[in-house]
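Undergrad: So I've got this file, work04.tsv, and it contains TSV, C-alpha atoms:
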```tsv
chain	number	residue	atom	x	y	z
A	253	MET	CA	2.68	11.23	-21.88
A	254	ASN	CA	2.77	8.56	-19.16
A	255	ALA	CA	5.99	8.34	-17.17
A	256	LEU	CA	5.77	4.54	-17.09
A	257	GLU	CA	3.93	1.84	-19.02
A	258	LEU	CA	4.01	-1.92	-18.49
A	259	HIS	CA	2.22	-4.07	-21.05
A	260	ASN	CA	1.59	-7.78	-20.30
A	261	VAL	CA	4.86	-8.16	-18.41
A	262	SER	CA	5.76	-11.59	-17.01
A	263	LYS	CA	8.80	-12.95	-15.17
A	264	LYS	CA	9.48	-16.49	-13.95
A	265	PHE	CA	12.62	-17.50	-12.10
A	266	PRO	CA	14.21	-20.88	-13.00
A	267	SER	CA	13.77	-22.38	-9.52
A	268	ALA	CA	10.11	-21.34	-9.19
A	269	LYS	CA	7.04	-23.35	-10.17
A	270	THR	CA	4.94	-20.29	-10.99
A	271	PRO	CA	5.75	-16.81	-12.39
A	272	ALA	CA	6.80	-14.16	-9.89
A	273	VAL	CA	5.01	-11.63	-12.11
A	274	ASN	CA	2.24	-12.83	-14.38
A	275	ASP	CA	0.91	-10.68	-17.25
A	276	ILE	CA	1.07	-7.32	-15.46
A	277	SER	CA	-0.12	-4.13	-17.19
A	278	LEU	CA	0.27	-0.75	-15.47
A	279	THR	CA	0.55	2.94	-16.31
A	280	LEU	CA	1.92	5.77	-14.19
A	281	ARG	CA	1.29	9.43	-14.88
A	282	THR	CA	3.99	12.08	-14.50
A	283	GLY	CA	4.06	13.47	-10.96
A	284	GLU	CA	2.12	10.53	-9.53
A	285	ILE	CA	3.07	8.21	-6.67
A	286	LEU	CA	2.05	4.61	-7.28
A	287	ALA	CA	2.16	2.24	-4.30
A	288	LEU	CA	2.68	-1.45	-5.05
A	289	VAL	CA	1.22	-3.36	-2.11
A	290	GLY	CA	0.63	-6.99	-1.21
A	291	PRO	CA	1.87	-9.80	1.06
A	292	SER	CA	5.42	-11.16	0.92
A	293	GLY	CA	6.18	-13.03	-2.30
A	294	CYS	CA	3.30	-11.49	-4.25
A	295	GLY	CA	5.46	-10.00	-7.05
A	296	LYS	CA	5.63	-6.33	-6.09
A	297	THR	CA	9.43	-6.18	-5.57
A	298	THR	CA	10.06	-8.19	-8.74
A	299	THR	CA	7.91	-5.66	-10.61
A	300	LEU	CA	10.02	-2.84	-9.17
A	301	ARG	CA	13.23	-4.62	-10.22
A	302	LEU	CA	11.85	-5.09	-13.75
A	303	ILE	CA	11.15	-1.36	-13.95
A	304	ALA	CA	14.65	-0.57	-12.67
A	305	GLY	CA	16.29	-2.92	-15.16
A	306	LEU	CA	17.66	-5.20	-12.43
A	307	GLU	CA	15.62	-8.05	-13.96
A	308	ARG	CA	14.76	-8.78	-17.57
A	309	PRO	CA	11.12	-9.70	-18.41
A	310	ASP	CA	10.35	-13.02	-20.08
A	311	SER	CA	7.56	-11.39	-22.09
A	312	GLY	CA	5.78	-8.08	-22.46
A	313	SER	CA	7.20	-4.58	-22.78
A	314	LEU	CA	8.18	-1.64	-20.57
A	315	HIS	CA	8.28	2.02	-21.61
A	316	ILE	CA	9.71	4.88	-19.54
A	317	LYS	CA	8.71	8.37	-20.67
A	318	GLY	CA	7.57	6.93	-24.00
A	319	GLN	CA	10.86	5.16	-24.66
A	320	LEU	CA	11.01	1.37	-24.97
A	321	VAL	CA	13.37	-0.01	-22.31
A	322	ALA	CA	12.54	-3.73	-22.42
A	323	ASP	CA	10.76	-6.26	-24.61
A	324	ASP	CA	11.61	-9.55	-26.33
A	325	GLY	CA	14.33	-7.95	-28.46
A	326	HIS	CA	15.45	-4.88	-26.52
A	327	PHE	CA	16.86	-4.23	-23.04
A	328	THR	CA	18.11	-0.91	-21.69
A	329	PRO	CA	20.49	-1.34	-18.70
A	330	PRO	CA	19.61	0.31	-15.36
A	331	GLU	CA	22.13	3.14	-15.63
A	332	LYS	CA	20.55	4.35	-18.86
A	333	ARG	CA	16.92	4.33	-17.74
A	334	GLY	CA	16.93	7.61	-15.85
A	335	VAL	CA	15.64	6.10	-12.60
A	336	GLY	CA	16.68	6.73	-9.00
A	337	MET	CA	16.56	3.99	-6.36
A	338	VAL	CA	15.92	4.21	-2.61
A	339	PHE	CA	16.61	0.89	-0.88
A	340	GLN	CA	15.44	-0.67	2.40
A	341	ASP	CA	18.84	-0.21	4.05
A	342	HIS	CA	19.45	3.27	2.53
A	343	ALA	CA	22.72	2.02	0.89
A	344	LEU	CA	24.70	5.13	1.83
A	345	PHE	CA	28.47	5.10	1.45
A	346	PRO	CA	29.82	5.01	5.03
A	347	HIS	CA	33.16	6.63	4.10
A	348	LEU	CA	31.52	9.64	2.41
A	349	THR	CA	29.94	12.63	4.12
A	350	VAL	CA	26.26	13.46	3.67
A	351	PHE	CA	27.22	16.10	1.10
A	352	GLU	CA	29.42	13.64	-0.82
A	353	ASN	CA	26.75	10.94	-0.75
A	354	VAL	CA	24.16	13.25	-2.32
A	355	LYS	CA	26.68	14.60	-4.82
A	356	PHE	CA	27.72	11.08	-5.88
A	357	GLY	CA	24.97	10.76	-8.50
A	358	LEU	CA	25.95	14.01	-10.20
A	359	LYS	CA	29.17	12.80	-11.80
A	360	GLY	CA	29.86	14.53	-15.08
A	361	GLN	CA	28.29	17.82	-14.03
A	362	PRO	CA	30.49	20.91	-13.61
A	363	ALA	CA	31.70	21.19	-10.03
A	364	ALA	CA	29.87	24.45	-9.33
A	365	LYS	CA	26.59	23.10	-10.72
A	366	ALA	CA	26.93	19.84	-8.77
A	367	ARG	CA	27.60	21.75	-5.56
A	368	GLU	CA	24.60	24.01	-6.12
A	369	THR	CA	22.32	21.04	-6.81
A	370	THR	CA	23.59	19.14	-3.78
A	371	LEU	CA	23.07	22.08	-1.44
A	372	GLY	CA	19.59	22.58	-2.88
A	373	MET	CA	18.67	18.95	-2.30
A	374	LEU	CA	19.97	19.01	1.28
A	375	LYS	CA	17.87	22.10	1.96
A	376	LEU	CA	14.81	20.44	0.43
A	377	VAL	CA	15.10	17.46	2.78
A	378	GLY	CA	15.90	19.67	5.79
A	379	LEU	CA	19.52	18.57	6.18
A	380	GLU	CA	21.38	21.66	4.99
A	381	ASN	CA	23.36	21.76	8.25
A	382	PHE	CA	24.33	18.07	8.10
A	383	GLY	CA	26.56	18.08	5.01
A	384	GLU	CA	29.80	17.35	6.86
A	385	ARG	CA	28.44	14.49	8.94
A	386	TYR	CA	28.88	10.81	8.12
A	387	PRO	CA	26.01	8.29	7.87
A	388	HIS	CA	26.82	6.70	11.24
A	389	GLN	CA	26.26	10.09	12.87
A	390	LEU	CA	22.66	10.30	11.63
A	391	SER	CA	19.38	8.91	12.90
A	392	GLY	CA	17.45	6.39	10.81
A	393	GLY	CA	15.07	9.06	9.57
A	394	GLU	CA	17.93	11.37	8.61
A	395	ARG	CA	19.67	8.58	6.68
A	396	GLN	CA	16.40	7.94	4.85
A	397	ARG	CA	16.19	11.58	3.77
A	398	VAL	CA	19.83	11.53	2.61
A	399	ALA	CA	19.08	8.46	0.47
A	400	LEU	CA	16.06	10.23	-1.02
A	401	ALA	CA	18.08	13.39	-1.71
A	402	ARG	CA	20.74	11.31	-3.48
A	403	ALA	CA	18.10	9.58	-5.61
A	404	LEU	CA	16.40	12.87	-6.53
A	405	ALA	CA	19.55	14.94	-7.17
A	406	PRO	CA	19.96	13.91	-10.87
A	407	HIS	CA	16.24	14.67	-11.44
A	408	PRO	CA	15.36	11.14	-12.55
A	409	VAL	CA	12.32	10.33	-14.65
A	410	LEU	CA	11.28	7.84	-11.95
A	411	VAL	CA	12.11	7.31	-8.28
A	412	LEU	CA	11.81	3.68	-7.21
A	413	MET	CA	11.46	2.96	-3.49
A	414	ASP	CA	11.65	-0.58	-2.10
A	415	GLU	CA	10.22	-0.83	1.46
A	416	PRO	CA	12.13	2.36	2.37
A	417	PHE	CA	10.73	2.66	5.90
A	418	SER	CA	10.93	-0.98	6.99
A	419	SER	CA	14.01	-0.43	9.18
A	420	LEU	CA	12.45	2.44	11.15
A	421	ASP	CA	10.52	2.09	14.40
A	422	ALA	CA	6.77	2.79	14.33
A	423	ASP	CA	6.80	6.40	15.57
A	424	LEU	CA	9.68	7.45	13.32
A	425	ARG	CA	8.13	5.60	10.39
A	426	HIS	CA	4.99	7.75	10.54
A	427	GLU	CA	7.04	10.95	10.75
A	428	VAL	CA	9.46	10.07	7.94
A	429	ARG	CA	6.85	8.87	5.47
A	430	GLU	CA	5.02	12.19	5.88
A	431	GLN	CA	8.27	14.03	5.21
A	432	VAL	CA	9.12	11.84	2.20
A	433	ARG	CA	5.71	12.25	0.60
A	434	GLY	CA	5.97	16.02	1.07
A	435	ILE	CA	9.43	16.06	-0.55
A	436	LEU	CA	8.28	13.97	-3.53
A	437	LYS	CA	5.32	16.28	-4.08
A	438	ALA	CA	7.47	19.41	-3.69
A	439	MET	CA	9.70	18.04	-6.46
A	440	SER	CA	6.71	16.94	-8.59
A	441	ALA	CA	8.56	13.62	-8.65
A	442	THR	CA	7.12	10.47	-10.22
A	443	ALA	CA	7.57	7.52	-7.88
A	444	VAL	CA	6.87	3.81	-7.53
A	445	PHE	CA	6.72	2.78	-3.89
A	446	VAL	CA	6.75	-0.84	-2.67
A	447	THR	CA	5.31	-1.79	0.72
A	448	HIS	CA	3.54	-4.69	2.44
A	449	ASP	CA	1.96	-2.27	4.93
A	450	GLN	CA	-1.66	-1.49	4.00
A	451	GLU	CA	-1.87	1.73	6.00
A	452	GLU	CA	1.40	2.96	4.48
A	453	ALA	CA	0.15	2.25	0.97
A	454	LEU	CA	-3.10	4.13	1.59
A	455	TYR	CA	-1.14	7.12	2.92
A	456	MET	CA	1.68	7.25	0.38
A	457	GLY	CA	0.01	6.34	-2.90
A	458	ASP	CA	-1.94	8.62	-5.21
A	459	ARG	CA	-3.00	5.27	-6.62
A	460	LEU	CA	-2.49	1.72	-5.37
A	461	ALA	CA	-1.74	-1.50	-7.23
A	462	VAL	CA	-2.63	-4.55	-5.12
A	463	PHE	CA	-0.74	-7.79	-5.91
A	464	GLN	CA	-1.40	-11.43	-5.05
A	465	ASN	CA	0.59	-14.45	-6.25
A	466	GLY	CA	2.13	-12.55	-9.15
A	467	HIS	CA	-1.20	-11.20	-10.37
A	468	LEU	CA	-2.46	-7.64	-10.27
A	469	GLU	CA	-5.73	-7.78	-8.32
A	470	GLN	CA	-6.82	-4.12	-8.53
A	471	VAL	CA	-5.49	-0.67	-9.38
A	472	GLY	CA	-7.21	2.48	-8.16
A	473	LEU	CA	-7.37	5.45	-5.83
A	474	PRO	CA	-6.86	4.65	-2.13
A	475	GLU	CA	-10.54	5.32	-1.44
A	476	GLU	CA	-11.59	3.01	-4.28
A	477	ILE	CA	-9.33	0.21	-3.11
A	478	PHE	CA	-10.58	0.48	0.46
A	479	HIS	CA	-14.30	1.09	-0.08
A	480	GLU	CA	-14.88	-0.57	-3.46
A	481	SER	CA	-12.62	-3.62	-3.41
A	482	SER	CA	-13.04	-5.58	-6.63
A	483	THR	CA	-12.08	-8.98	-5.15
A	484	ARG	CA	-12.45	-10.73	-1.82
A	485	PHE	CA	-8.66	-10.80	-1.43
A	486	VAL	CA	-8.38	-7.00	-1.75
A	487	ALA	CA	-11.16	-6.45	0.80
A	488	GLU	CA	-9.49	-8.82	3.25
A	489	PHE	CA	-5.91	-7.65	2.77
A	490	MET	CA	-6.54	-3.91	2.59
A	491	GLY	CA	-9.09	-3.55	5.35
A	492	ASP	CA	-9.06	-6.45	7.80
A	493	SER	CA	-12.53	-7.41	6.63
A	494	ASP	CA	-14.75	-10.09	8.10
A	495	PHE	CA	-17.04	-11.99	5.74
A	496	LEU	CA	-20.65	-12.86	6.51
A	497	PRO	CA	-22.55	-15.40	4.39
A	498	GLY	CA	-25.79	-14.20	2.80
A	499	THR	CA	-28.52	-15.30	0.40
A	500	VAL	CA	-29.98	-13.11	-2.33
A	501	GLN	CA	-33.71	-12.38	-1.91
A	502	ASN	CA	-36.12	-10.25	-3.94
A	503	ASP	CA	-35.94	-7.44	-1.38
A	504	GLY	CA	-32.24	-7.66	-0.47
A	505	ILE	CA	-29.69	-10.00	1.09
A	506	GLN	CA	-30.66	-12.20	4.00
A	507	THR	CA	-27.86	-12.60	6.56
A	508	GLU	CA	-27.43	-13.69	10.15
A	509	LEU	CA	-27.56	-10.01	11.10
A	510	GLY	CA	-30.86	-9.50	9.31
A	511	LEU	CA	-31.95	-8.32	5.86
A	512	ILE	CA	-29.66	-5.91	4.02
A	513	PRO	CA	-31.88	-3.91	1.61
A	514	GLN	CA	-29.45	-4.00	-1.30
A	515	LYS	CA	-30.57	-5.11	-4.77
A	516	LEU	CA	-28.12	-7.21	-6.77
A	517	ASN	CA	-28.00	-8.42	-10.32
A	518	LEU	CA	-28.02	-12.07	-9.20
A	519	PRO	CA	-30.69	-14.80	-9.17
A	520	VAL	CA	-32.74	-15.28	-5.99
A	521	ASP	CA	-31.15	-17.78	-3.56
A	522	SER	CA	-27.63	-17.08	-4.87
A	523	ALA	CA	-25.02	-17.50	-2.14
A	524	VAL	CA	-22.93	-14.38	-1.50
A	525	GLU	CA	-20.54	-12.97	1.11
A	526	ILE	CA	-20.82	-9.58	2.78
A	527	SER	CA	-17.58	-7.77	3.54
A	528	LEU	CA	-17.74	-6.18	6.99
A	529	ARG	CA	-15.18	-3.98	8.67
A	530	ALA	CA	-15.30	-3.12	12.35
A	531	ASP	CA	-16.68	0.34	11.62
A	532	ASP	CA	-19.62	-1.22	9.73
A	533	VAL	CA	-20.82	-3.18	12.77
A	534	ASP	CA	-22.52	-1.91	15.91
A	535	PHE	CA	-24.16	-3.65	18.85
A	536	ASP	CA	-26.26	-2.97	21.92
A	537	GLN	CA	-27.56	-4.82	24.95
A	538	SER	CA	-31.18	-5.31	23.83
A	539	ASN	CA	-33.61	-8.12	24.66
A	540	HIS	CA	-32.87	-9.87	21.37
A	541	PRO	CA	-29.24	-10.99	21.55
A	542	ASN	CA	-27.66	-12.61	18.51
A	543	ALA	CA	-23.98	-12.45	19.46
A	544	LEU	CA	-21.59	-12.95	22.36
A	545	VAL	CA	-18.70	-10.63	23.21
A	546	LEU	CA	-15.61	-12.86	23.13
A	547	ALA	CA	-12.85	-10.28	23.59
A	548	ARG	CA	-12.23	-6.58	24.03
A	549	PHE	CA	-9.06	-4.82	22.80
A	550	PHE	CA	-8.16	-1.33	24.01
A	551	ARG	CA	-6.94	0.86	21.12
A	552	GLY	CA	-6.70	4.20	22.92
A	553	ALA	CA	-9.51	6.29	21.47
A	554	TYR	CA	-11.73	3.23	21.01
A	555	TYR	CA	-12.28	-0.40	21.91
A	556	GLN	CA	-12.31	-3.14	19.31
A	557	TYR	CA	-14.65	-6.02	20.17
A	558	ARG	CA	-14.65	-9.55	18.82
A	559	LEU	CA	-18.15	-10.99	18.59
A	560	ARG	CA	-19.24	-14.57	17.97
A	561	LEU	CA	-22.56	-15.06	16.21
A	562	ALA	CA	-24.85	-18.04	16.84
A	563	SER	CA	-23.40	-19.77	13.76
A	564	GLY	CA	-19.91	-19.49	15.23
A	565	LYS	CA	-18.92	-16.78	12.74
A	566	LEU	CA	-16.58	-14.13	14.18
A	567	ILE	CA	-17.01	-10.43	13.42
A	568	HIS	CA	-15.50	-7.26	14.90
A	569	ALA	CA	-16.92	-3.93	15.99
A	570	PHE	CA	-15.66	-0.58	17.30
A	571	LYS	CA	-17.01	1.28	20.32
A	572	PRO	CA	-15.81	4.59	21.84
A	573	HIS	CA	-13.36	4.21	24.73
A	574	THR	CA	-16.08	5.56	27.01
A	575	GLN	CA	-18.19	2.40	26.45
A	576	SER	CA	-16.63	-0.64	28.10
A	577	ILE	CA	-18.54	-3.93	27.72
A	578	GLN	CA	-17.23	-7.04	29.42
A	579	PRO	CA	-16.38	-10.22	27.48
A	580	GLY	CA	-19.10	-12.81	28.03
A	581	THR	CA	-21.91	-10.28	27.53
A	582	SER	CA	-24.74	-11.23	25.17
A	583	VAL	CA	-25.48	-8.42	22.71
A	584	HIS	CA	-27.52	-7.60	19.64
A	585	ALA	CA	-25.22	-6.95	16.66
A	586	PHE	CA	-26.30	-5.13	13.52
A	587	ILE	CA	-24.93	-3.35	10.47
A	588	GLY	CA	-25.04	0.44	10.64
A	589	ALA	CA	-27.88	1.72	8.47
A	590	GLU	CA	-25.66	4.34	6.82
A	591	HIS	CA	-23.07	1.79	5.69
A	592	GLN	CA	-23.05	0.47	2.11
A	593	VAL	CA	-21.40	-2.93	2.32
A	594	THR	CA	-19.57	-4.70	-0.50
A	595	VAL	CA	-20.97	-8.03	-1.67
A	596	PHE	CA	-18.88	-10.82	-3.22
A	597	HIS	CA	-19.98	-13.74	-5.37
A	598	ASN	CA	-17.36	-16.39	-6.19
A	599	GLY	CA	-14.63	-14.05	-4.92
A	600	ALA	CA	-15.53	-11.08	-7.15
A	601	ALA	CA	-17.43	-7.92	-6.17
A	602	VAL	CA	-21.05	-7.84	-7.31
A	603	VAL	CA	-22.30	-4.80	-9.20
A	604	ARG	CA	-25.36	-3.29	-7.55
A	605	ASP	CA	-28.58	-2.79	-9.53
```
How would this structure read if it were set down as structure tokens?

TA:
Amino acid sequence: MNALELHNVSKKFPSAKTPAVNDISLTLRTGEILALVGPSGCGKTTTLRLIAGLERPDSGSLHIKGQLVADDGHFTPPEKRGVGMVFQDHALFPHLTVFENVKFGLKGQPAAKARETTLGMLKLVGLENFGERYPHQLSGGERQRVALARALAPHPVLVLMDEPFSSLDADLRHEVREQVRGILKAMSATAVFVTHDQEEALYMGDRLAVFQNGHLEQVGLPEEIFHESSTRFVAEFMGDSDFLPGTVQNDGIQTELGLIPQKLNLPVDSAVEISLRADDVDFDQSNHPNALVLARFFRGAYYQYRLRLASGKLIHAFKPHTQSIQPGTSVHAFIGAEHQVTVFHNGAAVVRD
């Protein structure tokens, strides 16, 4: 049984011209982490609020653990859906201790059982010695783990997380998201995780759902989303892709960087775009330059170079930090022979022959 099912769900707010969520269908398996990712205003947070019961859909249906929770004639309130929420600002009670915050969601349980569960959750998140502290005495990462422990304590069917790491600085963010993913997996928890950060989505999600303008662009494994983007938007948003124009020929795709020997199910002379990431492109200082180094960005272990082709098109390439090439240098750019690029026609990925 799926933990969550959304069938043709839509939601439009009265002040908006277009739906915030438009005909979304999704499933989530038990024990899976699904990352909802996309730019601001794309519909991912509204989708999370519809799942939580904080918004009511205009059409479509939602099922949690096989039970109908929302459709045209039925609506189950949030407190009866069996979901736990982790918010951006943690939403801890400042006047309660860490122990009391985690125990808060266990009302109705016998005192001894609630205490045992609370202590177990604090141990799971590595805060067993912090029970008597108050939220203001904790670091941002510690508060995040308390919020997660509180959400998990009642053993919800679903844990819903809305940009939970957005208030943390970069170094702490990396550390805490690793801890949180480990905790969710240790609990075999089923979670829906909202983020606008592509790297975070790729790390956290067992599967990703990529949103744009209220529509669901693609759902798949992180590797599928990154390497086999189904639309131009997904390739651009999820991987900082550059796009190179090309023309379909009998023996491949003719581009400004040469012929790509890739057969497509398209008529000869069809106009296409090649999606290129910086790791797809290489260059050298040969006698046949076709690009100019415009800029060089130091990234620690490597340099990222911005190249301008003769057409004026900009592309990017990586080089090891041991190879430093000055801006203004003429170079010969090419696509690495071992790289299988993605081709788009009218914004959609083209199936290879």

Undergrad: Got a sec: who's within 8 Å of stretch 410-422 of chain A, counting only C-alpha atoms, leaving out chain neighbours fewer than 3 positions off, as an MDAnalysis selection string?

TA: chainID A and resid 255 297 300 304 334:342 392:393 396 403:404 425:426 428:429 441:448

Undergrad: Could those selected residues go to a file with C-alpha atoms, as an mmCIF file, in the frame of the given file?

TA:
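File written: part36.cif
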```cif
data_model
loop_
_atom_site.group_PDB
_atom_site.id
_atom_site.type_symbol
_atom_site.label_atom_id
_atom_site.label_comp_id
_atom_site.auth_asym_id
_atom_site.auth_seq_id
_atom_site.Cartn_x
_atom_site.Cartn_y
_atom_site.Cartn_z
ATOM 1 C CA ALA A 255 5.990 8.340 -17.170
ATOM 2 C CA THR A 297 9.430 -6.180 -5.570
ATOM 3 C CA LEU A 300 10.020 -2.840 -9.170
ATOM 4 C CA ALA A 304 14.650 -0.570 -12.670
ATOM 5 C CA GLY A 334 16.930 7.610 -15.850
ATOM 6 C CA VAL A 335 15.640 6.100 -12.600
ATOM 7 C CA GLY A 336 16.680 6.730 -9.000
ATOM 8 C CA MET A 337 16.560 3.990 -6.360
ATOM 9 C CA VAL A 338 15.920 4.210 -2.610
ATOM 10 C CA PHE A 339 16.610 0.890 -0.880
ATOM 11 C CA GLN A 340 15.440 -0.670 2.400
ATOM 12 C CA ASP A 341 18.840 -0.210 4.050
ATOM 13 C CA HIS A 342 19.450 3.270 2.530
ATOM 14 C CA GLY A 392 17.450 6.390 10.810
ATOM 15 C CA GLY A 393 15.070 9.060 9.570
ATOM 16 C CA GLN A 396 16.400 7.940 4.850
ATOM 17 C CA ALA A 403 18.100 9.580 -5.610
ATOM 18 C CA LEU A 404 16.400 12.870 -6.530
ATOM 19 C CA ARG A 425 8.130 5.600 10.390
ATOM 20 C CA HIS A 426 4.990 7.750 10.540
ATOM 21 C CA VAL A 428 9.460 10.070 7.940
ATOM 22 C CA ARG A 429 6.850 8.870 5.470
ATOM 23 C CA ALA A 441 8.560 13.620 -8.650
ATOM 24 C CA THR A 442 7.120 10.470 -10.220
ATOM 25 C CA ALA A 443 7.570 7.520 -7.880
ATOM 26 C CA VAL A 444 6.870 3.810 -7.530
ATOM 27 C CA PHE A 445 6.720 2.780 -3.890
ATOM 28 C CA VAL A 446 6.750 -0.840 -2.670
ATOM 29 C CA THR A 447 5.310 -1.790 0.720
ATOM 30 C CA HIS A 448 3.540 -4.690 2.440
#
```

Undergrad: Please provide the set of residues having any atom within 8 Å of stretch 551-559 of chain A, restricted to all atoms listed in the file, with same-chain residues fewer than 5 positions apart removed, written as JSON, numbers by chain.

TA: {"A": [530, 543, 544, 545, 546, 566, 567, 568, 569, 570, 571, 572, 573, 574, 575, 576]}

Undergrad: What does the distance between atom CA of A:Asn353 and atom CA of A:Glu331 come to in Å, to one decimal place?

TA: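 Answer for the atom CA of A:Asn353 to atom CA of A:Glu331 separation: 17.4 Å.
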
Undergrad: Of the residues A:Ala562, A:Leu436, A:Leu320, A:Met253, which is the one nearest to A:Asn542, using all atoms listed in the file?

TA: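 The answer is A:Ala562, which sits nearest to A:Asn542.
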
Undergrad: Pick out the residues sitting within 10 Å of A:Asn502, and hand them over as a list in words; count only C-alpha atoms, and ignore anything fewer than 4 positions along from it in its own chain.

TA: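 Selected residues are Gln506, Pro513, Gln514, Lys515, Leu516, Leu518, Pro519, Val520 and Asp521 of chain A.
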
Undergrad: Do a neighbour search on A:Gly290 at 10 Å with all atoms listed in the file, toss out local chain neighbours closer than 3 positions, and write the hits as a count of residues only.

TA: 23

Undergrad: When you look at A:Glu476 with a cut-off of 12 Å (counting all atoms listed in the file), what residues show up, excluding the ones that are within fewer than 4 positions of it in the same chain? I need them as a PyMOL selection string.

TA: chain A and resi 454+458-462+470-472+480-482+486-487+490-491+594

Undergrad: What is the atom CA of A:Leu371 to atom CA of A:Val350 distance in Å?

TA: 10.5 Å

Undergrad: List the residues sitting within 9 Å of (-4.7, -6.9, -17.5) in the file's frame, using all atoms listed in the file, as a list in words.

TA: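 Using all atoms listed in the file, the matching residues come out as His259, Asn260, Asp275, Ile276, Ser277, Leu278 and Leu468 of chain A.
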
Undergrad: Can you write just those residues out, C-alpha atoms, as a PDB file, keeping the file's coordinate frame?

TA:
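This went into selection.pdb:
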```pdb
ATOM      1  CA  HIS A 259       2.220  -4.070 -21.050  1.00  0.00           C
ATOM      2  CA  ASN A 260       1.590  -7.780 -20.300  1.00  0.00           C
ATOM      3  CA  ASP A 275       0.910 -10.680 -17.250  1.00  0.00           C
ATOM      4  CA  ILE A 276       1.070  -7.320 -15.460  1.00  0.00           C
ATOM      5  CA  SER A 277      -0.120  -4.130 -17.190  1.00  0.00           C
ATOM      6  CA  LEU A 278       0.270  -0.750 -15.470  1.00  0.00           C
ATOM      7  CA  LEU A 468      -2.460  -7.640 -10.270  1.00  0.00           C
TER       8      LEU A 468
END
```

Undergrad: Which residue, A:Val261, A:Val409, A:Met456, A:Leu280, has the smallest gap to A:Lys332 when you use all atoms listed in the file?

TA: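 Under the stated criterion, the closest residue is A:Val409.
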
Undergrad: Given the point (12.2, -7.9, -19.8) in the file's coordinates, find the residues that have an atom at most 7 Å from it, counting only C-alpha atoms, and give them as a CSV table (one decimal) with C-alpha atoms, in the coordinates of the input.

TA:
```
chain,number,residue,atom,x,y,z
A,302,LEU,CA,11.8,-5.1,-13.8
A,307,GLU,CA,15.6,-8.0,-14.0
A,308,ARG,CA,14.8,-8.8,-17.6
A,309,PRO,CA,11.1,-9.7,-18.4
A,310,ASP,CA,10.4,-13.0,-20.1
A,311,SER,CA,7.6,-11.4,-22.1
A,312,GLY,CA,5.8,-8.1,-22.5
A,313,SER,CA,7.2,-4.6,-22.8
A,322,ALA,CA,12.5,-3.7,-22.4
A,323,ASP,CA,10.8,-6.3,-24.6
A,324,ASP,CA,11.6,-9.6,-26.3
A,327,PHE,CA,16.9,-4.2,-23.0
```

Undergrad: If I take atom CA of A:Lys269 and atom CA of A:Gly599, how far is one from the other in Å, to one decimal?

TA: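 Rounded to one decimal, the two atoms are 24.2 Å apart.
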
Undergrad: Out of A:Arg333, A:Lys317, A:Arg433, A:Lys365, which residue has the shortest atom-to-atom distance to A:Leu286 when counting all atoms listed in the file?

TA: A:Arg433
